[in-house]
Structures are given as structure tokens and as C-alpha cells.
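Engineer: The following block contains the structure, expressed as C-alpha cells.
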Amino acid sequence: MLSKVLIVGMLTAAMAFAQGGWGKRNEDPSGGMMAQRQSQLDQFADKLKLNKEQRAQAETIMDAAREAMGPAQQKLIEARKNLAAALIGGKSADDIDKLTKTYASLSAQAKELEANAFGKICALLKPNQQSKAVQNFALMAQLVESGQMGAPSGGGQRGQWSGGQGGGGRR
Amino acid sequence: MFFKLLSAGILAASLASAQWGGRGAGATGSGDMSPRREQPTQTRMDRITAMLTLDSEQRKQVKDILDYGQKAAAPVRDQLVAVQLGIAEAVQAGKSQDEIGKTTDAYAALDTQMTTIELRSLAQISQALRQEQQAKLGGLFWMMRGIFKNKNWNDAGGW
């Protein structure tokens with residue numbers, strides 16, 4: 001019974017998210033998410049001192065990564081829901097273990113996408129810009145992930161482990 | 001006529017002050033006339049309490065669960081930051097895919113640990129809820145993601 005109630009609740013939340021929630025805000029040209037993403041992009045470009053051409057190329061790389069990230073993040077959401085339902089439903093340690101392994105595998109795939117994008121951005125940089133790249137990986141990851149995991153990127157659910165850079169995205 | 005003009009001027013100034021100041025000049029006491037931003041005053045605990053309609057006993061239970069989760073998450077959070085830097089360093093140094101893969105796997109393991117801490121807290125909270133409150137657990141599911149990413153999950157500024 002508990003699991004059923006949970007699933008109904010989650011479905012309701014998931015539907016709200018899909019229909020008009022956080023994800024949709026990305027598409028709203030007047031919305032805060034779009035403006036915030038632009039501002040983060042400016043921040044990223046400023047920190048690396050990118051010129052106009054580099055900035056445009058970096059944006060293209062991040063957009064492509066973001067698109068590739070969509071399906072990976074959807075799978076992560078599913079894996080997270082399954083894990084939550086199992087923990088709430090008191091499933092066996094074996095079941096939980098399987099679910100956490102699935103989650104870890106998906107998380108690694110998502111992080112690889114970010115690492116690849118970061119590699120491409122590093123390749124754009126001039127030698128004097130390279131020194132600041134590493135410390136801005138978190139910010140780039142945040143840009144790639146923003147809005148993908150259903151968390152409002154302006155809020156506390158942001159997941160980016162950015163070490164004090166404000167956070168956002170998955171983790 | 002002079003008094004009418006004076007009164008109109010005072011009225012206009014008062015209206016302008018009220019509009020720019022929001023809550024009036026006493027709001028900050030600084031006397032500046034710039035538009036004021038509403039400061040976030042609602043904590044996560046307030047939001048969770050409202051969303052799940054928690055009574056005072058449940059509120060305490062939920063707070064204890066999340067405080068405990070925050071403590072459990074602290075070392076994982078620190079490692080996540082370090083490992084993320086490690087990924088970037090490996091990529092920038094042009095390490096092999098295998099080596100980069102090791103760093104992303106390490107990150108994923110920590111991410112999974114953090115997720116498990118978040119969701120175990122969710123599961124514990126669910127046990128503290130009455131049946132009619134359980135239906136709202138879906139909203140909390142979304143709120144739990146990244147809840148321990150800062151030092152204080154209940155920081156009003158975290159929203």
C-alpha cells in the first residue's frame with residue numbers, strides 16, 4: 001500500500017515536472033532558467049577569459065553535451081525512483097545493491113559525457129587560459145546538467161558539487 | 001495654491017518611497033532608495049512542513065533525520081568536490097580513456113553514496129508520516145536531490 005501511494009505521489013510530481021515544471025522552464029525564453037544559464041555561461045567565459053569565437057565554440061560543445069545528457073539523466077531519474085521505492089518498501093540488501101550498482105553505472109556514463117565535453121573545451125584554450133580550466137570544470141558540468149535532473153537549478157536541489165561555486169545540475 | 005502644490009509633492013514623494021522601498025523606509029533602516037529584494041526567509045524545513053502538513057512532533061522527527069543525513073553526507077560531499085577536480089585534471093593532462101574512466105567511476109561511486117544517503121533519509125521520513133501524508137511524498141522525493149550539497153540543508157539562502 002505504501003509503495004503504491006509513493007508511486008502515485010511520485011508520478012504526480014513527475015508529471016508536474018514534465019508538463020510545466022522545472023524542465024519546461026529551460027524552454028521559456030523569458031524564464032529565469034534561461035537567463036540564469038546565460039549568466040552562468042557568461043561567468044564561465046569570463047573565468048576562462050574566452051574570446052568571442054571561443055565562447056561560441058564552447059557554447060556549441062556544451063549544448064551538444066547537454067543534448068546527449070538528456071537520455072542519460074532520464075535514466076538516472078528512473079534509477080533514483082527505483083532506489084527510493086526499494087528503500088521505502090524495505091527491500092532486501094541484495095535488491096538495494098543491484099539498484100545502487102545500476103545507479104552508479106548510469107552516473108559514471110553521465111560524468112563521462114561531461115568529461116568529454118570538458119576535453120573539447122580544453123582543446124580550445126590557449127596556453128595562458130589552461131591554468132583556470134580545472135577549477136571551472138564544475139561550472140561547466142553545471143551548465144551541461146542544468147535542469148536535466150528535474151531540480152530547479154536556481155534552488156537548493158541543485159546537485160553540482162562545485163566546491164562553493166554555487167552548485168547546480170546533477171552533482 | 002502653494003499648499004496644494006506642497007501637498008501634491010509630499011504625496012508623490014511618499015508614493016515613490018513606498019514603491020521603491022517595498023516595505024517602507026523602516027525595512028532596512030539604511031535609507032537607500034534602491035528597489036529592495038525580498039530575502040529568502042522560508043527554510044527547507046518550513047517548506048517540508050507545509051508540503052507534508054507535519055505536526056510539531058513529526059517536524060522534530062524530520063529535522064532529526066535530515067540533520068543526521070547531513071552529518072553522514074559531509075565526508076562524501078568533500079570527496080565529491082575533490083574527485084570532480086581529479087576528473088578535470090586527468091582530462092586536461094590528456095590521460096588515457098582508461099585513466100579518465102577510473103576517475104569518473106570514483107565520482108559515480110560517491111554520487112551513488114550521496115544518493116543513497118538522501119534516499120535513506122527520504123525512507124526514514126516516510127515512516128514518520130501518516131497515511132494521508134504519504135501521498136505527498138513525491139514532492140519530497142524531488143526536494144531530496146542535492147539536499148546535503150551545502151553545509152546546512154536547512155539554510156534559507158539555499159533556495
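Every chain in the C-alpha cells has a letter given in the order shown (A, B, ...), and although residue numbers restart at 1 in each chain, ligands are simply numbered from 1 in the order shown.
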Distance cut-off 7 Å, counting only C-alpha atoms - which residues of chain B neighbour chain A? Return them as a count of residues only.
Structural biologist: 30
Engineer: List the spatial neighbours of segment 53-55 of chain A as a short mmCIF file (atom, residue, chain, number, x, y, z; two decimals) with C-alpha atoms, in the first residue's frame - criterion: any atom at most 10 Å away, only C-alpha atoms, same-chain residues fewer than 3 positions off excluded.
Structural biologist:
```cif
data_model
loop_
_atom_site.label_atom_id
_atom_site.label_comp_id
_atom_site.auth_asym_id
_atom_site.auth_seq_id
_atom_site.Cartn_x
_atom_site.Cartn_y
_atom_site.Cartn_z
CA LEU A 41 27.74 30.91 -19.44
CA ASP A 42 28.98 34.50 -19.13
CA PHE A 44 32.29 30.57 -17.40
CA ALA A 45 33.52 32.65 -20.34
CA ASP A 46 34.77 35.38 -18.01
CA LEU A 48 38.44 31.41 -18.66
CA LYS A 49 38.79 34.75 -20.45
CA LEU A 50 37.32 33.29 -23.61
CA ALA A 58 32.33 26.38 -26.04
CA GLU A 59 28.61 27.03 -26.10
CA THR A 60 28.18 24.68 -29.06
CA ILE A 61 30.14 21.97 -27.25
CA ILE A 121 36.75 22.85 -24.31
CA LEU A 124 40.02 25.34 -27.49
CA LEU A 125 42.06 27.11 -24.86
CA LYS A 126 45.29 28.96 -25.34
#
```
Engineer: Taking only C-alpha atoms into account, name the residue in B:Gln84, B:Gln124, B:Gln79, B:Gln70 that is nearest to Asn154 of chain B.
Structural biologist: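 Counting only C-alpha atoms, the residue closest to Asn154 of chain B is B:Gln70.
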Engineer: Find the distance between atom CA of Met34 of chain A and atom CA of Leu143 of chain A and write it in Å to one decimal.
Structural biologist: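 Value for the atom CA of Met34 of chain A-atom CA of Leu143 of chain A distance: 10.9 Å.
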Engineer: How many Å separate atom CA of Met45 of chain B from atom CA of Gln131 of chain B?
Structural biologist: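 Straight-line distance from atom CA of Met45 of chain B to atom CA of Gln131 of chain B works out to 20.2 Å.
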Engineer: Record the distance separating atom CA of Arg66 of chain A and atom CA of Ile117 of chain B, expressed in Å with one decimal.
Structural biologist: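 Computed distance, atom CA of Arg66 of chain A to atom CA of Ile117 of chain B, equals 26.7 Å.
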